[in-house]
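Trainee: The structure's right below; bear with me while I get my questions together.
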Amino acid sequence: MAKYLKITLLLLVLYLVGFLVFLRTCSEEKTLQAALSSHDISVNAPLHFCDSTRGAKSWLWEFGNNEQTRERQGTYIFTEPGKYRVKLTVDQKYEKYFLVNVSDDSPLKAQSPFITIHGPQTALQDEFLVFKSEGEANIWRWEFGESGLIDSREKNPIYAFREPGVYEVLLTTDKNHYPARHKIEILPRYSDNDSTDVLSLIAMDIKSKLQALADGKAFNSNYNYMLSRYLCNNPATLVVVNNTKYNDFYSYCQGLKITGKSNKTAIERVVVDTPGDGSTDCLSVIYVIQNDRYKVNQKTLSHERP
């Protein structure tokens, strides 16, 4: 009887050990141990990728440009600049995503000592505009010509002119002795013959859809509406949040879906931008200013005035 009891206990212990090993293996397989060598690279620079997920048997790396590989690790080279959403699928079931920014850092561009301003030449009164600094610097001082003061110290600020007129935008940095200059004409808010307000209407529409996600409304209908209507079905479109955080559109919307359960995120402002070269009408960047409904946000845009 004692011998039978010992055998029974031994079998029970072996069964429990095996069951615990099985549970551990399953949980480890659900957490993919994958990585890229960098998330910001230049065109034609090697990108190293690898996966070390325990127990994995198959891999599929998709690089966001219709190219893929089934290698567990290796090196890939992007030949075109842009934002790419790299996807890894392990064992045809588990997935992980990476956003890779591929820049065109040509030698001529890298050696350029000049600071220039990229911005619209015409716009509407009270329309939120994106101004970009072209060139390398550490300090930026933007003067938009209305206040007579420094209006922003961001590299790529968002600004709205309060009054119509012709303005000269000045940008001073620690790299240029004289400020870079950019002339812009601001048209009255309501104009019978004007099409520059199209992006503002798009931004308002996107703002309402993003707020719906933040309020816990239906995800698929709102997300797919914005994706197909304005982003040409590109989920890797860049979203800049509060001028400091960078996300791909899909990840950002998923984050709103999660915070939407607590209904605390307020979408204060949305500004959109296109490539500007006429190659496509698809949005290239979405700028979002958002706050916590229940906390006073101390990180407002530096150009805002009471």
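Residues are named by chain letter and number: chains run A, B, ... in the order of the structure tokens, numbers start at 1 in each chain, and ligands are numbered from 1 in the order shown.
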Applying 12 Å and only C-alpha atoms, which residues near Gly255 of chain A remain after dropping the ones on its own chain fewer than 3 positions away? List them as JSON, numbers by chain.
Mentor: {"A": [210, 213, 214, 215, 216, 219, 241, 247, 248, 249, 250, 251, 252, 258, 259, 260, 261, 262, 265]}
Trainee: Write out the residues from the selection above, keeping C-alpha atoms, as a CSV table (one decimal), in the first residue's frame.
Mentor:
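So selection13.csv came out as:
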```
chain,number,residue,atom,x,y,z
A,210,LEU,CA,-10.5,61.0,-32.5
A,213,LEU,CA,-12.4,57.1,-29.9
A,214,ALA,CA,-11.3,58.9,-26.7
A,215,ASP,CA,-14.9,58.8,-25.5
A,216,GLY,CA,-15.1,55.1,-25.9
A,219,PHE,CA,-13.4,51.9,-32.8
A,241,VAL,CA,1.1,64.5,-30.0
A,247,ASN,CA,3.3,57.6,-33.0
A,248,ASP,CA,2.0,55.8,-36.1
A,249,PHE,CA,-1.7,56.4,-36.7
A,250,TYR,CA,-2.8,52.9,-35.8
A,251,SER,CA,-0.9,52.8,-32.5
A,252,TYR,CA,-2.2,56.2,-31.5
A,258,ILE,CA,-7.6,52.2,-24.2
A,259,THR,CA,-7.9,55.6,-22.5
A,260,GLY,CA,-11.4,55.9,-23.8
A,261,LYS,CA,-12.5,53.3,-21.2
A,262,SER,CA,-11.8,55.9,-18.6
A,265,THR,CA,-8.7,62.4,-22.8
```
Trainee: Based on DSSP run over this structure's backbone, return all residues of segment 61-169 of chain A in strand (DSSP E), as a ChimeraX atom specification.
Mentor: /A:61-62,68-69,73-77,82-90,94-103,116-118,122-124,129-130,132-134,140-143,158-159,165-169
Trainee: With N, CA and C atoms retained, write the just-selected residues as a CSV table (one decimal), in the first residue's frame.
Mentor:
```
chain,number,residue,atom,x,y,z
A,61,TRP,N,8.6,38.5,-41.4
A,61,TRP,CA,8.8,39.9,-41.3
A,61,TRP,C,8.3,40.6,-42.5
A,62,GLU,N,7.4,41.6,-42.3
A,62,GLU,CA,6.8,42.4,-43.4
A,62,GLU,C,7.3,43.9,-43.2
A,68,GLN,N,9.0,41.2,-47.9
A,68,GLN,CA,9.0,40.4,-46.6
A,68,GLN,C,10.1,39.3,-46.7
A,69,THR,N,10.3,38.7,-45.5
A,69,THR,CA,11.2,37.6,-45.4
A,69,THR,C,10.7,36.7,-44.3
A,73,GLN,N,16.3,36.1,-38.3
A,73,GLN,CA,17.1,37.4,-38.2
A,73,GLN,C,17.8,37.7,-39.5
A,74,GLY,N,18.2,38.9,-39.6
A,74,GLY,CA,18.9,39.3,-40.9
A,74,GLY,C,19.0,40.8,-41.0
A,75,THR,N,19.3,41.3,-42.2
A,75,THR,CA,19.5,42.7,-42.4
A,75,THR,C,18.6,43.1,-43.6
A,76,TYR,N,18.0,44.3,-43.5
A,76,TYR,CA,17.2,44.8,-44.6
A,76,TYR,C,17.6,46.2,-44.9
A,77,ILE,N,17.4,46.7,-46.1
A,77,ILE,CA,17.8,48.0,-46.6
A,77,ILE,C,16.6,48.7,-47.2
A,82,GLY,N,10.7,57.5,-45.9
A,82,GLY,CA,9.3,57.5,-45.5
A,82,GLY,C,9.1,56.8,-44.1
A,83,LYS,N,7.9,56.7,-43.7
A,83,LYS,CA,7.5,56.0,-42.5
A,83,LYS,C,7.0,54.6,-42.8
A,84,TYR,N,7.7,53.6,-42.2
A,84,TYR,CA,7.3,52.2,-42.5
A,84,TYR,C,6.9,51.5,-41.3
A,85,ARG,N,5.8,50.7,-41.4
A,85,ARG,CA,5.3,49.9,-40.3
A,85,ARG,C,5.7,48.5,-40.5
A,86,VAL,N,6.8,48.1,-39.8
A,86,VAL,CA,7.3,46.7,-39.9
A,86,VAL,C,6.5,45.8,-39.0
A,87,LYS,N,6.1,44.7,-39.5
A,87,LYS,CA,5.3,43.7,-38.8
A,87,LYS,C,6.0,42.4,-38.7
A,88,LEU,N,6.0,41.8,-37.5
A,88,LEU,CA,6.5,40.5,-37.3
A,88,LEU,C,5.4,39.5,-36.9
A,89,THR,N,5.3,38.4,-37.6
A,89,THR,CA,4.3,37.4,-37.2
A,89,THR,C,5.0,36.1,-36.8
A,90,VAL,N,4.9,35.6,-35.6
A,90,VAL,CA,5.6,34.4,-35.2
A,90,VAL,C,4.6,33.3,-35.1
A,94,TYR,N,1.2,35.1,-33.4
A,94,TYR,CA,1.5,36.2,-32.6
A,94,TYR,C,2.2,37.3,-33.4
A,95,GLU,N,1.8,38.6,-33.1
A,95,GLU,CA,2.2,39.7,-33.9
A,95,GLU,C,2.9,40.8,-33.1
A,96,LYS,N,3.8,41.5,-33.7
A,96,LYS,CA,4.4,42.7,-33.1
A,96,LYS,C,4.7,43.7,-34.2
A,97,TYR,N,4.6,45.0,-33.8
A,97,TYR,CA,4.8,46.0,-34.8
A,97,TYR,C,5.9,47.0,-34.4
A,98,PHE,N,6.6,47.5,-35.4
A,98,PHE,CA,7.6,48.5,-35.2
A,98,PHE,C,7.4,49.7,-36.2
A,99,LEU,N,7.6,50.9,-35.8
A,99,LEU,CA,7.5,52.1,-36.7
A,99,LEU,C,9.0,52.5,-37.0
A,100,VAL,N,9.3,52.5,-38.3
A,100,VAL,CA,10.7,52.9,-38.7
A,100,VAL,C,10.6,54.1,-39.5
A,101,ASN,N,11.4,55.1,-39.2
A,101,ASN,CA,11.5,56.4,-39.9
A,101,ASN,C,12.8,56.3,-40.8
A,102,VAL,N,12.6,56.3,-42.1
A,102,VAL,CA,13.7,56.3,-43.0
A,102,VAL,C,13.9,57.7,-43.6
A,103,SER,N,15.0,58.3,-43.4
A,103,SER,CA,15.2,59.7,-43.8
A,103,SER,C,16.2,59.7,-45.0
A,116,THR,N,16.4,77.5,-43.2
A,116,THR,CA,15.3,78.0,-44.0
A,116,THR,C,14.0,77.7,-43.4
A,117,ILE,N,12.9,78.3,-43.8
A,117,ILE,CA,11.6,78.1,-43.3
A,117,ILE,C,10.7,77.5,-44.4
A,118,HIS,N,10.1,76.4,-44.0
A,118,HIS,CA,9.1,75.8,-44.9
A,118,HIS,C,7.7,76.0,-44.3
A,122,THR,N,0.0,81.4,-48.4
A,122,THR,CA,-1.3,82.0,-48.1
A,122,THR,C,-2.1,81.1,-47.2
A,123,ALA,N,-2.9,81.7,-46.4
A,123,ALA,CA,-3.7,80.9,-45.4
A,123,ALA,C,-4.9,81.8,-45.0
A,124,LEU,N,-5.8,81.2,-44.2
A,124,LEU,CA,-6.9,82.0,-43.7
A,124,LEU,C,-6.7,82.5,-42.2
A,129,LEU,N,-1.6,76.7,-38.6
A,129,LEU,CA,-0.6,76.4,-39.6
A,129,LEU,C,0.6,75.8,-39.0
A,130,VAL,N,1.3,75.0,-39.8
A,130,VAL,CA,2.5,74.3,-39.4
A,130,VAL,C,3.7,75.0,-40.1
A,132,LYS,N,7.9,74.8,-40.5
A,132,LYS,CA,9.0,73.8,-40.3
A,132,LYS,C,10.3,74.5,-40.5
A,133,SER,N,11.3,74.2,-39.6
A,133,SER,CA,12.6,74.7,-39.7
A,133,SER,C,13.5,73.7,-40.5
A,134,GLU,N,14.0,74.1,-41.6
A,134,GLU,CA,14.9,73.2,-42.4
A,134,GLU,C,16.4,73.5,-42.1
A,140,TRP,N,15.6,77.7,-31.4
A,140,TRP,CA,14.8,78.3,-32.4
A,140,TRP,C,14.0,79.4,-31.7
A,141,ARG,N,13.9,80.5,-32.4
A,141,ARG,CA,13.1,81.7,-32.0
A,141,ARG,C,12.3,82.2,-33.1
A,142,TRP,N,10.9,81.9,-33.0
A,142,TRP,CA,10.0,82.3,-34.1
A,142,TRP,C,9.3,83.6,-33.8
A,143,GLU,N,9.3,84.5,-34.7
A,143,GLU,CA,8.5,85.7,-34.6
A,143,GLU,C,7.5,85.8,-35.8
A,158,ILE,N,3.2,75.4,-34.3
A,158,ILE,CA,1.8,75.5,-34.9
A,158,ILE,C,1.4,76.9,-34.5
A,159,TYR,N,0.8,77.7,-35.5
A,159,TYR,CA,0.5,79.1,-35.2
A,159,TYR,C,-0.8,79.5,-36.0
A,165,GLY,N,-3.8,90.0,-43.4
A,165,GLY,CA,-2.7,90.9,-43.8
A,165,GLY,C,-1.5,90.1,-44.3
A,166,VAL,N,-0.5,90.9,-44.6
A,166,VAL,CA,0.8,90.3,-45.1
A,166,VAL,C,1.8,90.3,-44.0
A,167,TYR,N,2.4,89.2,-43.7
A,167,TYR,CA,3.3,89.1,-42.5
A,167,TYR,C,4.6,88.5,-43.0
A,168,GLU,N,5.7,89.0,-42.3
A,168,GLU,CA,7.0,88.4,-42.5
A,168,GLU,C,7.4,87.6,-41.3
A,169,VAL,N,7.5,86.3,-41.5
A,169,VAL,CA,7.9,85.4,-40.4
A,169,VAL,C,9.4,85.3,-40.3
```
Trainee: Atom CA of Ile286 of chain A to atom CA of Val239 of chain A: how many Å, to one decimal?
Mentor: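 For atom CA of Ile286 of chain A relative to atom CA of Val239 of chain A, the distance reads 4.8 Å.
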Trainee: Using only C-alpha atoms, find the one residue out of A:Val43, A:Leu283, A:Met204, A:Ala56 that sits nearest to Ala236 of chain A.
Mentor: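 Answer, going by the shortest atom-to-atom distance: A:Leu283.
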Trainee: My list of candidates is A:Val285, A:Leu36, A:Cys253, A:Val198. Which is closest to Asn224 of chain A when distances are computed with only C-alpha atoms?
Mentor: A:Cys253
Trainee: Need the shell around Phe161 of chain A: protein/DNA/RNA residues with any atom at most 10 Å away, counting only C-alpha atoms. Skip same-chain ones fewer than 5 positions apart. Format as number ranges by chain?
Mentor: A: 123-129, 144-146, 167, 185-187
Trainee: I'd like the interatomic distance between atom CA of Ser284 of chain A and atom CA of Gly119 of chain A, to a tenth of an Å.
Mentor: 14.7 Å
Trainee: As a ChimeraX atom specification, please: every residue in segment 135-231 of chain A that DSSP puts in helix (DSSP H, G or I).
Mentor: /A:198-214,219-230
Trainee: For Ser208 of chain A, find every residue with an atom within 12 Å (counting only C-alpha atoms), except residues of its own chain fewer than 3 positions away, and show them as a list in words.
Mentor: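 What passes the distance filter is Leu201, Ile202, Ala203, Met204, Asp205, Gln211, Ala212, Leu213, Ala214, Asp215, Lys217, Asn222, Tyr223, Tyr225, Met226, Ala266, Ile267, Glu268, Arg269, Val270 and Val288 of chain A.
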